[in-house]
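With mmCIF, N, CA and C atoms inside, this is input.cif:
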```
data_final
#
loop_
_atom_site.label_atom_id
_atom_site.label_comp_id
_atom_site.auth_asym_id
_atom_site.auth_seq_id
_atom_site.Cartn_x
_atom_site.Cartn_y
_atom_site.Cartn_z
N MET A 502 -45.28 -9.58 174.54
CA MET A 502 -46.38 -9.07 173.76
C MET A 502 -47.56 -10.02 173.94
N PRO A 503 -48.71 -9.49 174.32
CA PRO A 503 -49.88 -10.36 174.50
C PRO A 503 -50.32 -11.01 173.19
N LEU A 504 -50.72 -12.26 173.28
CA LEU A 504 -51.18 -12.99 172.11
C LEU A 504 -52.41 -12.33 171.48
N ARG A 505 -53.29 -11.75 172.31
CA ARG A 505 -54.47 -11.03 171.78
C ARG A 505 -54.06 -9.91 170.83
N TRP A 506 -52.98 -9.21 171.19
CA TRP A 506 -52.52 -8.10 170.37
C TRP A 506 -52.03 -8.61 169.02
N VAL A 507 -51.29 -9.71 169.03
CA VAL A 507 -50.79 -10.29 167.79
C VAL A 507 -51.95 -10.74 166.91
N LYS A 508 -52.96 -11.37 167.50
CA LYS A 508 -54.13 -11.81 166.74
C LYS A 508 -54.88 -10.61 166.16
N ALA A 509 -55.05 -9.56 166.95
CA ALA A 509 -55.73 -8.35 166.47
C ALA A 509 -54.97 -7.73 165.30
N MET A 510 -53.65 -7.70 165.39
CA MET A 510 -52.83 -7.15 164.31
C MET A 510 -52.99 -8.01 163.04
N HIS A 511 -52.98 -9.31 163.21
CA HIS A 511 -53.15 -10.21 162.07
C HIS A 511 -54.52 -10.02 161.43
N ASP A 512 -55.56 -9.94 162.25
CA ASP A 512 -56.92 -9.74 161.74
C ASP A 512 -57.03 -8.42 160.97
N TRP A 513 -56.44 -7.37 161.53
CA TRP A 513 -56.48 -6.06 160.87
C TRP A 513 -55.76 -6.12 159.53
N ALA A 514 -54.59 -6.73 159.49
CA ALA A 514 -53.83 -6.83 158.25
C ALA A 514 -54.56 -7.66 157.21
N ASP A 515 -55.35 -8.61 157.65
CA ASP A 515 -56.13 -9.44 156.73
C ASP A 515 -57.36 -8.69 156.21
N ARG A 516 -58.03 -7.93 157.05
CA ARG A 516 -59.27 -7.25 156.67
C ARG A 516 -59.04 -5.97 155.86
N LEU A 517 -58.00 -5.23 156.16
CA LEU A 517 -57.81 -3.91 155.55
C LEU A 517 -57.78 -3.95 154.03
N PRO A 518 -57.01 -4.82 153.39
CA PRO A 518 -56.96 -4.79 151.92
C PRO A 518 -58.30 -5.18 151.27
N LYS A 519 -59.17 -5.85 152.00
CA LYS A 519 -60.46 -6.27 151.46
C LYS A 519 -61.54 -5.21 151.64
N HIS A 520 -61.23 -4.18 152.39
CA HIS A 520 -62.23 -3.16 152.72
C HIS A 520 -62.50 -2.26 151.52
N LYS A 521 -63.77 -1.97 151.29
CA LYS A 521 -64.14 -1.03 150.23
C LYS A 521 -63.74 0.37 150.66
N PRO A 522 -63.34 1.22 149.71
CA PRO A 522 -62.97 2.60 150.05
C PRO A 522 -64.12 3.35 150.72
N LEU A 523 -63.78 4.11 151.73
CA LEU A 523 -64.73 4.97 152.44
C LEU A 523 -64.37 6.41 152.12
N MET A 524 -65.34 7.19 151.69
CA MET A 524 -65.05 8.54 151.21
C MET A 524 -65.09 9.61 152.31
N LEU A 525 -65.35 9.23 153.55
CA LEU A 525 -65.38 10.23 154.60
C LEU A 525 -63.98 10.78 154.84
N PRO A 526 -63.88 12.04 155.24
CA PRO A 526 -62.56 12.61 155.49
C PRO A 526 -61.91 11.98 156.72
N VAL A 527 -60.63 11.70 156.59
CA VAL A 527 -59.88 11.05 157.67
C VAL A 527 -58.55 11.77 157.85
N LEU A 528 -58.21 12.00 159.10
CA LEU A 528 -56.90 12.57 159.44
C LEU A 528 -56.05 11.46 160.03
N ILE A 529 -54.90 11.25 159.46
CA ILE A 529 -53.94 10.27 159.96
C ILE A 529 -52.76 11.05 160.52
N ILE A 530 -52.49 10.87 161.79
CA ILE A 530 -51.35 11.54 162.43
C ILE A 530 -50.34 10.47 162.80
N GLN A 531 -49.12 10.65 162.33
CA GLN A 531 -48.11 9.61 162.48
C GLN A 531 -46.80 10.18 162.99
N GLY A 532 -46.28 9.59 164.06
CA GLY A 532 -44.95 9.95 164.54
C GLY A 532 -43.89 9.27 163.69
N THR A 533 -42.88 10.03 163.32
CA THR A 533 -41.85 9.48 162.43
C THR A 533 -40.87 8.56 163.14
N GLU A 534 -40.88 8.56 164.47
CA GLU A 534 -39.99 7.66 165.22
C GLU A 534 -40.75 6.46 165.78
N ASP A 535 -41.96 6.23 165.28
CA ASP A 535 -42.78 5.10 165.72
C ASP A 535 -42.08 3.80 165.36
N ARG A 536 -41.77 3.00 166.36
CA ARG A 536 -41.13 1.70 166.14
C ARG A 536 -42.09 0.55 166.49
N THR A 537 -43.34 0.90 166.82
CA THR A 537 -44.33 -0.11 167.18
C THR A 537 -44.98 -0.71 165.95
N ILE A 538 -45.26 0.12 164.97
CA ILE A 538 -45.88 -0.35 163.73
C ILE A 538 -45.00 0.04 162.55
N ASN A 539 -45.22 -0.62 161.44
CA ASN A 539 -44.50 -0.29 160.21
C ASN A 539 -45.35 0.74 159.45
N TRP A 540 -45.26 1.99 159.89
CA TRP A 540 -46.12 3.03 159.34
C TRP A 540 -45.80 3.33 157.87
N GLN A 541 -44.57 3.13 157.46
CA GLN A 541 -44.24 3.35 156.04
C GLN A 541 -45.01 2.38 155.15
N TYR A 542 -45.30 1.20 155.67
CA TYR A 542 -46.09 0.21 154.96
C TYR A 542 -47.59 0.50 155.12
N ASN A 543 -48.01 0.85 156.33
CA ASN A 543 -49.43 1.00 156.63
C ASN A 543 -50.08 2.23 156.01
N ILE A 544 -49.39 3.34 155.97
CA ILE A 544 -50.01 4.59 155.49
C ILE A 544 -50.54 4.44 154.06
N PRO A 545 -49.78 3.88 153.11
CA PRO A 545 -50.35 3.70 151.77
C PRO A 545 -51.58 2.79 151.76
N ARG A 546 -51.60 1.81 152.63
CA ARG A 546 -52.77 0.92 152.69
C ARG A 546 -53.97 1.65 153.27
N LEU A 547 -53.76 2.46 154.29
CA LEU A 547 -54.85 3.27 154.84
C LEU A 547 -55.35 4.25 153.79
N ALA A 548 -54.43 4.82 153.00
CA ALA A 548 -54.82 5.75 151.94
C ALA A 548 -55.71 5.07 150.91
N GLY A 549 -55.50 3.78 150.69
CA GLY A 549 -56.35 3.06 149.75
C GLY A 549 -57.76 2.88 150.26
N VAL A 550 -57.91 2.73 151.57
CA VAL A 550 -59.24 2.57 152.16
C VAL A 550 -59.91 3.92 152.37
N PHE A 551 -59.13 4.94 152.66
CA PHE A 551 -59.64 6.29 152.91
C PHE A 551 -59.06 7.27 151.88
N PRO A 552 -59.61 7.28 150.66
CA PRO A 552 -59.04 8.14 149.62
C PRO A 552 -59.09 9.63 149.97
N ASN A 553 -60.03 10.01 150.82
CA ASN A 553 -60.16 11.41 151.23
C ASN A 553 -59.43 11.62 152.57
N HIS A 554 -58.14 11.30 152.57
CA HIS A 554 -57.36 11.37 153.80
C HIS A 554 -56.35 12.51 153.75
N ASN A 555 -55.89 12.86 154.92
CA ASN A 555 -54.79 13.80 155.06
C ASN A 555 -53.83 13.21 156.08
N VAL A 556 -52.56 13.13 155.73
CA VAL A 556 -51.55 12.59 156.63
C VAL A 556 -50.72 13.74 157.19
N VAL A 557 -50.56 13.74 158.49
CA VAL A 557 -49.69 14.70 159.16
C VAL A 557 -48.61 13.89 159.87
N TYR A 558 -47.38 14.19 159.56
CA TYR A 558 -46.25 13.53 160.21
C TYR A 558 -45.74 14.43 161.33
N ILE A 559 -45.58 13.85 162.49
CA ILE A 559 -45.01 14.57 163.62
C ILE A 559 -43.57 14.08 163.75
N TYR A 560 -42.65 14.88 163.23
CA TYR A 560 -41.25 14.48 163.18
C TYR A 560 -40.65 14.37 164.58
N GLY A 561 -40.09 13.20 164.84
CA GLY A 561 -39.46 12.92 166.13
C GLY A 561 -40.38 12.25 167.13
N ALA A 562 -41.68 12.20 166.87
CA ALA A 562 -42.63 11.59 167.81
C ALA A 562 -42.66 10.08 167.63
N TYR A 563 -43.06 9.40 168.68
CA TYR A 563 -43.11 7.94 168.68
C TYR A 563 -44.53 7.44 168.43
N HIS A 564 -44.88 6.30 168.97
CA HIS A 564 -46.16 5.65 168.67
C HIS A 564 -47.33 6.22 169.47
N ASN A 565 -47.15 6.37 170.76
CA ASN A 565 -48.25 6.79 171.62
C ASN A 565 -48.29 8.31 171.69
N LEU A 566 -48.86 8.92 170.68
CA LEU A 566 -48.76 10.36 170.48
C LEU A 566 -49.33 11.19 171.63
N CYS A 567 -50.39 10.72 172.25
CA CYS A 567 -50.99 11.50 173.35
C CYS A 567 -50.12 11.53 174.59
N ASN A 568 -49.13 10.66 174.66
CA ASN A 568 -48.22 10.64 175.81
C ASN A 568 -46.86 11.23 175.48
N GLU A 569 -46.78 11.96 174.39
CA GLU A 569 -45.53 12.61 174.01
C GLU A 569 -45.35 13.90 174.82
N SER A 570 -44.28 14.62 174.56
CA SER A 570 -44.01 15.87 175.26
C SER A 570 -45.07 16.91 174.91
N LYS A 571 -45.15 17.96 175.71
CA LYS A 571 -46.14 19.02 175.49
C LYS A 571 -46.01 19.62 174.10
N ASP A 572 -44.81 19.80 173.61
CA ASP A 572 -44.61 20.35 172.27
C ASP A 572 -45.27 19.47 171.20
N TYR A 573 -45.04 18.17 171.29
CA TYR A 573 -45.68 17.25 170.34
C TYR A 573 -47.19 17.24 170.52
N GLN A 574 -47.64 17.21 171.77
CA GLN A 574 -49.08 17.21 172.02
C GLN A 574 -49.74 18.45 171.43
N ASP A 575 -49.11 19.60 171.58
CA ASP A 575 -49.68 20.83 171.01
C ASP A 575 -49.82 20.71 169.50
N ARG A 576 -48.80 20.19 168.83
CA ARG A 576 -48.88 20.03 167.38
C ARG A 576 -49.97 19.04 166.98
N ILE A 577 -50.06 17.95 167.72
CA ILE A 577 -51.06 16.92 167.43
C ILE A 577 -52.46 17.50 167.60
N PHE A 578 -52.72 18.11 168.75
CA PHE A 578 -54.06 18.63 169.01
C PHE A 578 -54.41 19.81 168.11
N ASN A 579 -53.44 20.62 167.74
CA ASN A 579 -53.70 21.71 166.78
C ASN A 579 -54.11 21.15 165.42
N ASN A 580 -53.46 20.07 164.99
CA ASN A 580 -53.84 19.44 163.73
C ASN A 580 -55.24 18.85 163.80
N ILE A 581 -55.58 18.24 164.92
CA ILE A 581 -56.93 17.69 165.08
C ILE A 581 -57.96 18.82 165.07
N LEU A 582 -57.70 19.88 165.79
CA LEU A 582 -58.63 21.02 165.84
C LEU A 582 -58.82 21.63 164.45
N GLU A 583 -57.73 21.81 163.72
CA GLU A 583 -57.83 22.35 162.37
C GLU A 583 -58.65 21.42 161.47
N PHE A 584 -58.44 20.13 161.62
CA PHE A 584 -59.16 19.15 160.78
C PHE A 584 -60.66 19.18 161.07
N ILE A 585 -61.04 19.22 162.32
CA ILE A 585 -62.48 19.14 162.63
C ILE A 585 -63.20 20.47 162.46
N THR A 586 -62.46 21.57 162.35
CA THR A 586 -63.13 22.86 162.17
C THR A 586 -63.13 23.32 160.72
N ASN A 587 -62.49 22.60 159.85
CA ASN A 587 -62.49 22.97 158.42
C ASN A 587 -63.39 22.07 157.62
#
```
Render the structure in this file as structure tokens.
Amino acid sequence: MPLRWVKAMHDWADRLPKHKPLMLPVLIIQGTEDRTINWQYNIPRLAGVFPNHNVVYIYGAYHNLCNESKDYQDRIFNNILEFITN
């Protein structure tokens, strides 16, 4: 794991709780098999910064959602399209 990545993760974890809430709408798409980040921990923290959020869980998907199978990609992109058109 590159040291830059570890530093970026540490910086993000330090800055996020200090961030003032932003009211813009945010879509969070999360794969339930993601083993790269601790999404069960992160999602509530993101919700605190983005109170006007919507979380979509893609069951069975991993971390790099755009590189998942076509079925997952279709679900991901359909959720994004629905979010930006509503």
Selection dump of the PyMOL selection byres ((chain A and resi 544-556) around 8), as a PyMOL selection string: chain A and resi 517-518+520-531+539-543+557-559
Store the residues picked out above, limited to N, CA and C atoms, as a PDB file, keeping the file's coordinate frame.
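As written to disk, result32.pdb reads:
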```
ATOM      1  N   LEU A 517     -58.000  -5.230 156.160  1.00  0.00           N
ATOM      2  CA  LEU A 517     -57.810  -3.910 155.550  1.00  0.00           C
ATOM      3  C   LEU A 517     -57.780  -3.950 154.030  1.00  0.00           C
ATOM      4  N   PRO A 518     -57.010  -4.820 153.390  1.00  0.00           N
ATOM      5  CA  PRO A 518     -56.960  -4.790 151.920  1.00  0.00           C
ATOM      6  C   PRO A 518     -58.300  -5.180 151.270  1.00  0.00           C
ATOM      7  N   HIS A 520     -61.230  -4.180 152.390  1.00  0.00           N
ATOM      8  CA  HIS A 520     -62.230  -3.160 152.720  1.00  0.00           C
ATOM      9  C   HIS A 520     -62.500  -2.260 151.520  1.00  0.00           C
ATOM     10  N   LYS A 521     -63.770  -1.970 151.290  1.00  0.00           N
ATOM     11  CA  LYS A 521     -64.140  -1.030 150.230  1.00  0.00           C
ATOM     12  C   LYS A 521     -63.740   0.370 150.660  1.00  0.00           C
ATOM     13  N   PRO A 522     -63.340   1.220 149.710  1.00  0.00           N
ATOM     14  CA  PRO A 522     -62.970   2.600 150.050  1.00  0.00           C
ATOM     15  C   PRO A 522     -64.120   3.350 150.720  1.00  0.00           C
ATOM     16  N   LEU A 523     -63.780   4.110 151.730  1.00  0.00           N
ATOM     17  CA  LEU A 523     -64.730   4.970 152.440  1.00  0.00           C
ATOM     18  C   LEU A 523     -64.370   6.410 152.120  1.00  0.00           C
ATOM     19  N   MET A 524     -65.340   7.190 151.690  1.00  0.00           N
ATOM     20  CA  MET A 524     -65.050   8.540 151.210  1.00  0.00           C
ATOM     21  C   MET A 524     -65.090   9.610 152.310  1.00  0.00           C
ATOM     22  N   LEU A 525     -65.350   9.230 153.550  1.00  0.00           N
ATOM     23  CA  LEU A 525     -65.380  10.230 154.600  1.00  0.00           C
ATOM     24  C   LEU A 525     -63.980  10.780 154.840  1.00  0.00           C
ATOM     25  N   PRO A 526     -63.880  12.040 155.240  1.00  0.00           N
ATOM     26  CA  PRO A 526     -62.560  12.610 155.490  1.00  0.00           C
ATOM     27  C   PRO A 526     -61.910  11.980 156.720  1.00  0.00           C
ATOM     28  N   VAL A 527     -60.630  11.700 156.590  1.00  0.00           N
ATOM     29  CA  VAL A 527     -59.880  11.050 157.670  1.00  0.00           C
ATOM     30  C   VAL A 527     -58.550  11.770 157.850  1.00  0.00           C
ATOM     31  N   LEU A 528     -58.210  12.000 159.100  1.00  0.00           N
ATOM     32  CA  LEU A 528     -56.900  12.570 159.440  1.00  0.00           C
ATOM     33  C   LEU A 528     -56.050  11.460 160.030  1.00  0.00           C
ATOM     34  N   ILE A 529     -54.900  11.250 159.460  1.00  0.00           N
ATOM     35  CA  ILE A 529     -53.940  10.270 159.960  1.00  0.00           C
ATOM     36  C   ILE A 529     -52.760  11.050 160.520  1.00  0.00           C
ATOM     37  N   ILE A 530     -52.490  10.870 161.790  1.00  0.00           N
ATOM     38  CA  ILE A 530     -51.350  11.540 162.430  1.00  0.00           C
ATOM     39  C   ILE A 530     -50.340  10.470 162.800  1.00  0.00           C
ATOM     40  N   GLN A 531     -49.120  10.650 162.330  1.00  0.00           N
ATOM     41  CA  GLN A 531     -48.110   9.610 162.480  1.00  0.00           C
ATOM     42  C   GLN A 531     -46.800  10.180 162.990  1.00  0.00           C
ATOM     43  N   ASN A 539     -45.220  -0.620 161.440  1.00  0.00           N
ATOM     44  CA  ASN A 539     -44.500  -0.290 160.210  1.00  0.00           C
ATOM     45  C   ASN A 539     -45.350   0.740 159.450  1.00  0.00           C
ATOM     46  N   TRP A 540     -45.260   1.990 159.890  1.00  0.00           N
ATOM     47  CA  TRP A 540     -46.120   3.030 159.340  1.00  0.00           C
ATOM     48  C   TRP A 540     -45.800   3.330 157.870  1.00  0.00           C
ATOM     49  N   GLN A 541     -44.570   3.130 157.460  1.00  0.00           N
ATOM     50  CA  GLN A 541     -44.240   3.350 156.040  1.00  0.00           C
ATOM     51  C   GLN A 541     -45.010   2.380 155.150  1.00  0.00           C
ATOM     52  N   TYR A 542     -45.300   1.200 155.670  1.00  0.00           N
ATOM     53  CA  TYR A 542     -46.090   0.210 154.960  1.00  0.00           C
ATOM     54  C   TYR A 542     -47.590   0.500 155.120  1.00  0.00           C
ATOM     55  N   ASN A 543     -48.010   0.850 156.330  1.00  0.00           N
ATOM     56  CA  ASN A 543     -49.430   1.000 156.630  1.00  0.00           C
ATOM     57  C   ASN A 543     -50.080   2.230 156.010  1.00  0.00           C
ATOM     58  N   VAL A 557     -50.560  13.740 158.490  1.00  0.00           N
ATOM     59  CA  VAL A 557     -49.690  14.700 159.160  1.00  0.00           C
ATOM     60  C   VAL A 557     -48.610  13.890 159.870  1.00  0.00           C
ATOM     61  N   TYR A 558     -47.380  14.190 159.560  1.00  0.00           N
ATOM     62  CA  TYR A 558     -46.250  13.530 160.210  1.00  0.00           C
ATOM     63  C   TYR A 558     -45.740  14.430 161.330  1.00  0.00           C
ATOM     64  N   ILE A 559     -45.580  13.850 162.490  1.00  0.00           N
ATOM     65  CA  ILE A 559     -45.010  14.570 163.620  1.00  0.00           C
ATOM     66  C   ILE A 559     -43.570  14.080 163.750  1.00  0.00           C
TER      67      ILE A 559
END
```
Residues flagged alpha helix (DSSP H) by DSSP in chain A, as a PyMOL selection string: chain A and resi 504-516+540-550+571-586
Between atom N of Arg536 in chain A and CA of Ser570 in chain A - distance in Å to one decimal: 15.8 Å
For the structure I just gave you, how does DSSP split chain A - specifically, which residues are strand (DSSP E or B)? Reply as a short mmCIF file (atom, residue, chain, number, x, y, z; two decimals) with N, CA and C atoms, in the frame of the given file.
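Once written, selection.cif looks like this:
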```cif
data_model
loop_
_atom_site.label_atom_id
_atom_site.label_comp_id
_atom_site.auth_asym_id
_atom_site.auth_seq_id
_atom_site.Cartn_x
_atom_site.Cartn_y
_atom_site.Cartn_z
N VAL A 527 -60.63 11.70 156.59
CA VAL A 527 -59.88 11.05 157.67
C VAL A 527 -58.55 11.77 157.85
N LEU A 528 -58.21 12.00 159.10
CA LEU A 528 -56.90 12.57 159.44
C LEU A 528 -56.05 11.46 160.03
N ILE A 529 -54.90 11.25 159.46
CA ILE A 529 -53.94 10.27 159.96
C ILE A 529 -52.76 11.05 160.52
N ILE A 530 -52.49 10.87 161.79
CA ILE A 530 -51.35 11.54 162.43
C ILE A 530 -50.34 10.47 162.80
N GLN A 531 -49.12 10.65 162.33
CA GLN A 531 -48.11 9.61 162.48
C GLN A 531 -46.80 10.18 162.99
N GLY A 532 -46.28 9.59 164.06
CA GLY A 532 -44.95 9.95 164.54
C GLY A 532 -43.89 9.27 163.69
N HIS A 554 -58.14 11.30 152.57
CA HIS A 554 -57.36 11.37 153.80
C HIS A 554 -56.35 12.51 153.75
N ASN A 555 -55.89 12.86 154.92
CA ASN A 555 -54.79 13.80 155.06
C ASN A 555 -53.83 13.21 156.08
N VAL A 556 -52.56 13.13 155.73
CA VAL A 556 -51.55 12.59 156.63
C VAL A 556 -50.72 13.74 157.19
N VAL A 557 -50.56 13.74 158.49
CA VAL A 557 -49.69 14.70 159.16
C VAL A 557 -48.61 13.89 159.87
N TYR A 558 -47.38 14.19 159.56
CA TYR A 558 -46.25 13.53 160.21
C TYR A 558 -45.74 14.43 161.33
N ILE A 559 -45.58 13.85 162.49
CA ILE A 559 -45.01 14.57 163.62
C ILE A 559 -43.57 14.08 163.75
#
```
Result set of the PyMOL selection byres (((chain A and resi 561 and name CA) around 7) and name CA) on the coordinates above, as a list in words: Gly532, Thr533, Glu534, Ile559, Tyr560, Ala562 and Tyr563 of chain A
